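J.: Here's a structure for you.
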Amino acid sequence: MFAYIPARSGSKRILNKNIKKIGSKPIISYVIDNLKKLHFLKGIIVSTDSNKIKNICEKEGALCYDLRKKDLSNDSANFIDLIKNDIPRYQEKFENDNNLLFVLATAALVDKKTFEKAYKIYLKKKPEVLIPCKKYSVNPYMSMFLNKKKYLQSLFPKKILLNSQNLNDLYYDAGLFYFMDISKIRKLNSIKNSKKILPF
């Protein structure tokens with residue numbers, strides 16, 4: 001298994017968020033430091049379109065190779081695009097291993113114990129994807145939106161007829177990391193369309 005961190009430079013909401021400093025170091029440096037403590041990783045890849053990010057990450061001990069292609073670094077490129085079109089160039093270095101730890105560059109607070117606990121579950125249960133997630137405290141089936149006439153309208157009109165105790169619990173992606181079997185994910189159009197997603 002190897003780790004892959006996507007770290008493009010063009011974030012819109014927070015400019016250069018992947019290398020914003022927390023204390024004395026860029027946020028991505030903490031992520032790399034935490035991954036270096038994991039005995040089960042064969043290596044840590046950072047895929048970036050920025051020489052500045054590349055230099056920071058290589059000093060931390062990550063592998064970067066050539067800069068990521070522009071068409072895989074724009075706003076429309078998603079995780080599946082990277083899994084299909086960027087990750088294969090690194091796989092050969094790791095003996096074409098299909099087990100991947102995909103980590104977001106801002107997941108600085110995920111510590112060694114959390115990664116190790118998730119890894120053990122991933123090995124034992126063998127899902128296609130393991131996703132850290134949280135349960136909604138207020139069920140989204142109760143959601144309303146403003147319609148064109150500026151009145152509130154139920155987003156799930158059939159669900160609001162049910163008692164809340166009869167609604168399924170719903171979960172959201174915590175946006176931190178994903179353990180996955182690339183060979184099974186590559187055929188999908190989204191990680192979240194896998195039929196074997198294990199919540200962590």
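So you can find residues: chains in the structure tokens are A, B, ... in the order shown, residues in each start at 1, and ligands are numbered from 1 in order.
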Write out as number ranges by chain all residues of range 16-198 of chain A that backbone DSSP assigns to alpha helix (DSSP H).
T.: A: 27-35, 51-59, 79-85, 88-91, 112-125, 182-185
J.: Let's have the selection written as a tab-separated table (two decimals), in the first residue's frame, with N, CA and C atoms.
T.:
```tsv
chain	number	residue	atom	x	y	z
A	27	ILE	N	0.60	23.29	6.15
A	27	ILE	CA	-0.36	22.27	6.59
A	27	ILE	C	-0.03	20.89	6.00
A	28	ILE	N	0.40	20.85	4.75
A	28	ILE	CA	0.70	19.56	4.11
A	28	ILE	C	1.90	18.87	4.77
A	29	SER	N	2.79	19.63	5.37
A	29	SER	CA	3.94	19.04	6.05
A	29	SER	C	3.52	18.17	7.22
A	30	TYR	N	2.48	18.60	7.94
A	30	TYR	CA	1.97	17.80	9.06
A	30	TYR	C	1.38	16.49	8.55
A	31	VAL	N	0.70	16.56	7.42
A	31	VAL	CA	0.10	15.35	6.84
A	31	VAL	C	1.20	14.35	6.48
A	32	ILE	N	2.23	14.83	5.81
A	32	ILE	CA	3.34	13.95	5.41
A	32	ILE	C	4.04	13.38	6.65
A	33	ASP	N	4.27	14.22	7.65
A	33	ASP	CA	4.91	13.74	8.89
A	33	ASP	C	4.12	12.61	9.53
A	34	ASN	N	2.80	12.74	9.57
A	34	ASN	CA	1.95	11.70	10.18
A	34	ASN	C	1.99	10.41	9.36
A	35	LEU	N	2.01	10.55	8.04
A	35	LEU	CA	2.05	9.36	7.18
A	35	LEU	C	3.39	8.64	7.28
A	51	ASN	N	5.51	23.85	-8.54
A	51	ASN	CA	6.90	23.61	-8.13
A	51	ASN	C	7.12	24.00	-6.67
A	52	LYS	N	6.42	25.03	-6.21
A	52	LYS	CA	6.55	25.46	-4.82
A	52	LYS	C	6.09	24.36	-3.87
A	53	ILE	N	4.91	23.77	-4.15
A	53	ILE	CA	4.40	22.67	-3.33
A	53	ILE	C	5.32	21.46	-3.44
A	54	LYS	N	5.78	21.18	-4.66
A	54	LYS	CA	6.68	20.04	-4.88
A	54	LYS	C	7.94	20.16	-4.03
A	55	ASN	N	8.54	21.35	-3.99
A	55	ASN	CA	9.77	21.55	-3.22
A	55	ASN	C	9.54	21.35	-1.73
A	56	ILE	N	8.41	21.86	-1.22
A	56	ILE	CA	8.07	21.69	0.20
A	56	ILE	C	7.93	20.21	0.53
A	57	CYS	N	7.20	19.49	-0.31
A	57	CYS	CA	6.90	18.08	-0.04
A	57	CYS	C	8.12	17.18	-0.17
A	58	GLU	N	8.97	17.47	-1.14
A	58	GLU	CA	10.19	16.66	-1.30
A	58	GLU	C	11.13	16.86	-0.11
A	59	LYS	N	11.18	18.07	0.42
A	59	LYS	CA	11.99	18.31	1.63
A	59	LYS	C	11.46	17.51	2.82
A	79	PHE	N	-11.80	13.16	-7.90
A	79	PHE	CA	-11.01	12.03	-7.38
A	79	PHE	C	-10.89	10.90	-8.40
A	80	ILE	N	-11.99	10.59	-9.07
A	80	ILE	CA	-11.97	9.48	-10.03
A	80	ILE	C	-11.05	9.81	-11.21
A	81	ASP	N	-11.03	11.06	-11.64
A	81	ASP	CA	-10.09	11.46	-12.71
A	81	ASP	C	-8.65	11.19	-12.29
A	82	LEU	N	-8.34	11.49	-11.02
A	82	LEU	CA	-6.99	11.25	-10.51
A	82	LEU	C	-6.69	9.75	-10.40
A	83	ILE	N	-7.68	9.01	-9.92
A	83	ILE	CA	-7.51	7.55	-9.77
A	83	ILE	C	-7.28	6.89	-11.13
A	84	LYS	N	-8.00	7.34	-12.14
A	84	LYS	CA	-7.89	6.74	-13.47
A	84	LYS	C	-6.68	7.24	-14.25
A	85	ASN	N	-6.34	8.52	-14.10
A	85	ASN	CA	-5.40	9.14	-15.02
A	85	ASN	C	-4.11	9.68	-14.41
A	88	PRO	N	-1.97	5.88	-11.85
A	88	PRO	CA	-1.24	4.80	-12.54
A	88	PRO	C	0.24	5.09	-12.78
A	89	ARG	N	0.61	6.36	-12.93
A	89	ARG	CA	2.02	6.67	-13.20
A	89	ARG	C	2.92	6.41	-11.98
A	90	TYR	N	2.31	6.28	-10.81
A	90	TYR	CA	3.08	5.99	-9.59
A	90	TYR	C	3.03	4.51	-9.21
A	91	GLN	N	2.03	3.81	-9.69
A	91	GLN	CA	1.82	2.43	-9.24
A	91	GLN	C	2.98	1.50	-9.53
A	112	LYS	N	-1.41	9.07	13.82
A	112	LYS	CA	-0.98	7.71	13.51
A	112	LYS	C	-2.00	6.67	13.99
A	113	LYS	N	-2.50	6.82	15.20
A	113	LYS	CA	-3.44	5.84	15.76
A	113	LYS	C	-4.72	5.73	14.93
A	114	THR	N	-5.21	6.87	14.44
A	114	THR	CA	-6.43	6.86	13.63
A	114	THR	C	-6.20	6.13	12.32
A	115	PHE	N	-5.09	6.45	11.65
A	115	PHE	CA	-4.76	5.74	10.41
A	115	PHE	C	-4.61	4.24	10.65
A	116	GLU	N	-3.94	3.86	11.72
A	116	GLU	CA	-3.69	2.44	12.00
A	116	GLU	C	-4.99	1.71	12.31
A	117	LYS	N	-5.87	2.35	13.05
A	117	LYS	CA	-7.16	1.73	13.36
A	117	LYS	C	-7.98	1.50	12.09
A	118	ALA	N	-8.01	2.51	11.23
A	118	ALA	CA	-8.75	2.40	9.97
A	118	ALA	C	-8.14	1.33	9.07
A	119	TYR	N	-6.82	1.25	9.04
A	119	TYR	CA	-6.11	0.27	8.22
A	119	TYR	C	-6.46	-1.16	8.65
A	120	LYS	N	-6.48	-1.40	9.95
A	120	LYS	CA	-6.82	-2.74	10.45
A	120	LYS	C	-8.23	-3.15	10.04
A	121	ILE	N	-9.15	-2.21	10.11
A	121	ILE	CA	-10.53	-2.49	9.70
A	121	ILE	C	-10.59	-2.75	8.19
A	122	TYR	N	-9.86	-1.95	7.42
A	122	TYR	CA	-9.81	-2.12	5.96
A	122	TYR	C	-9.29	-3.51	5.60
A	123	LEU	N	-8.23	-3.95	6.27
A	123	LEU	CA	-7.67	-5.28	6.00
A	123	LEU	C	-8.63	-6.39	6.38
A	124	LYS	N	-9.30	-6.22	7.50
A	124	LYS	CA	-10.19	-7.27	8.00
A	124	LYS	C	-11.47	-7.38	7.17
A	125	LYS	N	-12.07	-6.26	6.86
A	125	LYS	CA	-13.39	-6.26	6.19
A	125	LYS	C	-13.30	-6.29	4.66
A	182	ILE	N	-7.86	0.24	-5.67
A	182	ILE	CA	-7.92	1.01	-6.93
A	182	ILE	C	-8.52	0.19	-8.07
A	183	SER	N	-8.21	-1.09	-8.13
A	183	SER	CA	-8.68	-1.92	-9.24
A	183	SER	C	-10.20	-1.98	-9.29
A	184	LYS	N	-10.85	-1.84	-8.13
A	184	LYS	CA	-12.31	-1.91	-8.10
A	184	LYS	C	-12.96	-0.52	-8.21
A	185	ILE	N	-12.21	0.51	-7.88
A	185	ILE	CA	-12.75	1.86	-7.92
A	185	ILE	C	-12.60	2.48	-9.30
```
J.: Between A:Ala105, A:Val46, A:Ala7, A:Leu38, which has the minimum distance to Phe177 in chain A (counting only C-alpha atoms)?
T.: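 Using only C-alpha atoms, Phe177 in chain A sits closest to A:Ala105.
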J.: Based on the backbone DSSP call, show me all residues of range 108-161 of chain A assigned strand (DSSP E), as a PyMOL selection string.
T.: chain A and resi 129-131+133-135+144-146+152-154
J.: Keeping C-alpha atoms, export the residues of the selection given above as a PDB file, in the first residue's frame.
T.:
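See again.pdb below for the written result:
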```pdb
ATOM      1  CA  VAL A 129     -13.519   1.868  -0.018  1.00  0.00           C
ATOM      2  CA  LEU A 130     -13.295   2.798   3.641  1.00  0.00           C
ATOM      3  CA  ILE A 131     -14.458   6.375   4.327  1.00  0.00           C
ATOM      4  CA  CYS A 133     -17.662   9.780   8.128  1.00  0.00           C
ATOM      5  CA  LYS A 134     -19.997  11.397  10.616  1.00  0.00           C
ATOM      6  CA  LYS A 135     -23.680  10.793  11.238  1.00  0.00           C
ATOM      7  CA  MET A 144     -36.165  22.554   2.897  1.00  0.00           C
ATOM      8  CA  PHE A 145     -34.990  24.904   0.159  1.00  0.00           C
ATOM      9  CA  LEU A 146     -36.115  28.280  -1.198  1.00  0.00           C
ATOM     10  CA  LEU A 152     -39.640  27.116   1.565  1.00  0.00           C
ATOM     11  CA  GLN A 153     -40.268  23.756  -0.049  1.00  0.00           C
ATOM     12  CA  SER A 154     -39.455  20.284   1.226  1.00  0.00           C
TER      13      SER A 154
END
```
J.: Could you jot down the CA of Ala174 in chain A to CA of Asn139 in chain A separation for me, Å, one decimal place?
T.: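 So the two atoms, CA of Ala174 in chain A and CA of Asn139 in chain A, lie 16.4 Å apart.
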J.: Using only C-alpha atoms, which residues sit within 7 Å of Leu100 in chain A once same-chain residues fewer than 6 positions away are excluded, as a count of residues only?
T.: 7
J.: Near Leu167 in chain A, counting only C-alpha atoms, which residues have an atom at most 12 Å away, once you skip same-chain residues fewer than 6 positions from it, shown as a count of residues only?
T.: 10
J.: Kindly indicate which residue among A:Ala62, A:Leu101, A:Leu109, A:Leu67 lies nearest to Ser50 in chain A, using only C-alpha atoms for the distances.
T.: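 Of A:Ala62, A:Leu101, A:Leu109, A:Leu67, the one nearest Ser50 in chain A, counting only C-alpha atoms, is A:Leu67.
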J.: Which of these, A:Lys149, A:Lys17, A:Lys70, A:Lys93, has the shortest distance to Thr48 in chain A once you count only C-alpha atoms?
T.: A:Lys70
J.: One decimal, in Å: what's the spacing between CA of Asn78 in chain A and CA of Asn16 in chain A?
T.: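 So the two atoms, CA of Asn78 in chain A and CA of Asn16 in chain A, lie 17.9 Å apart.
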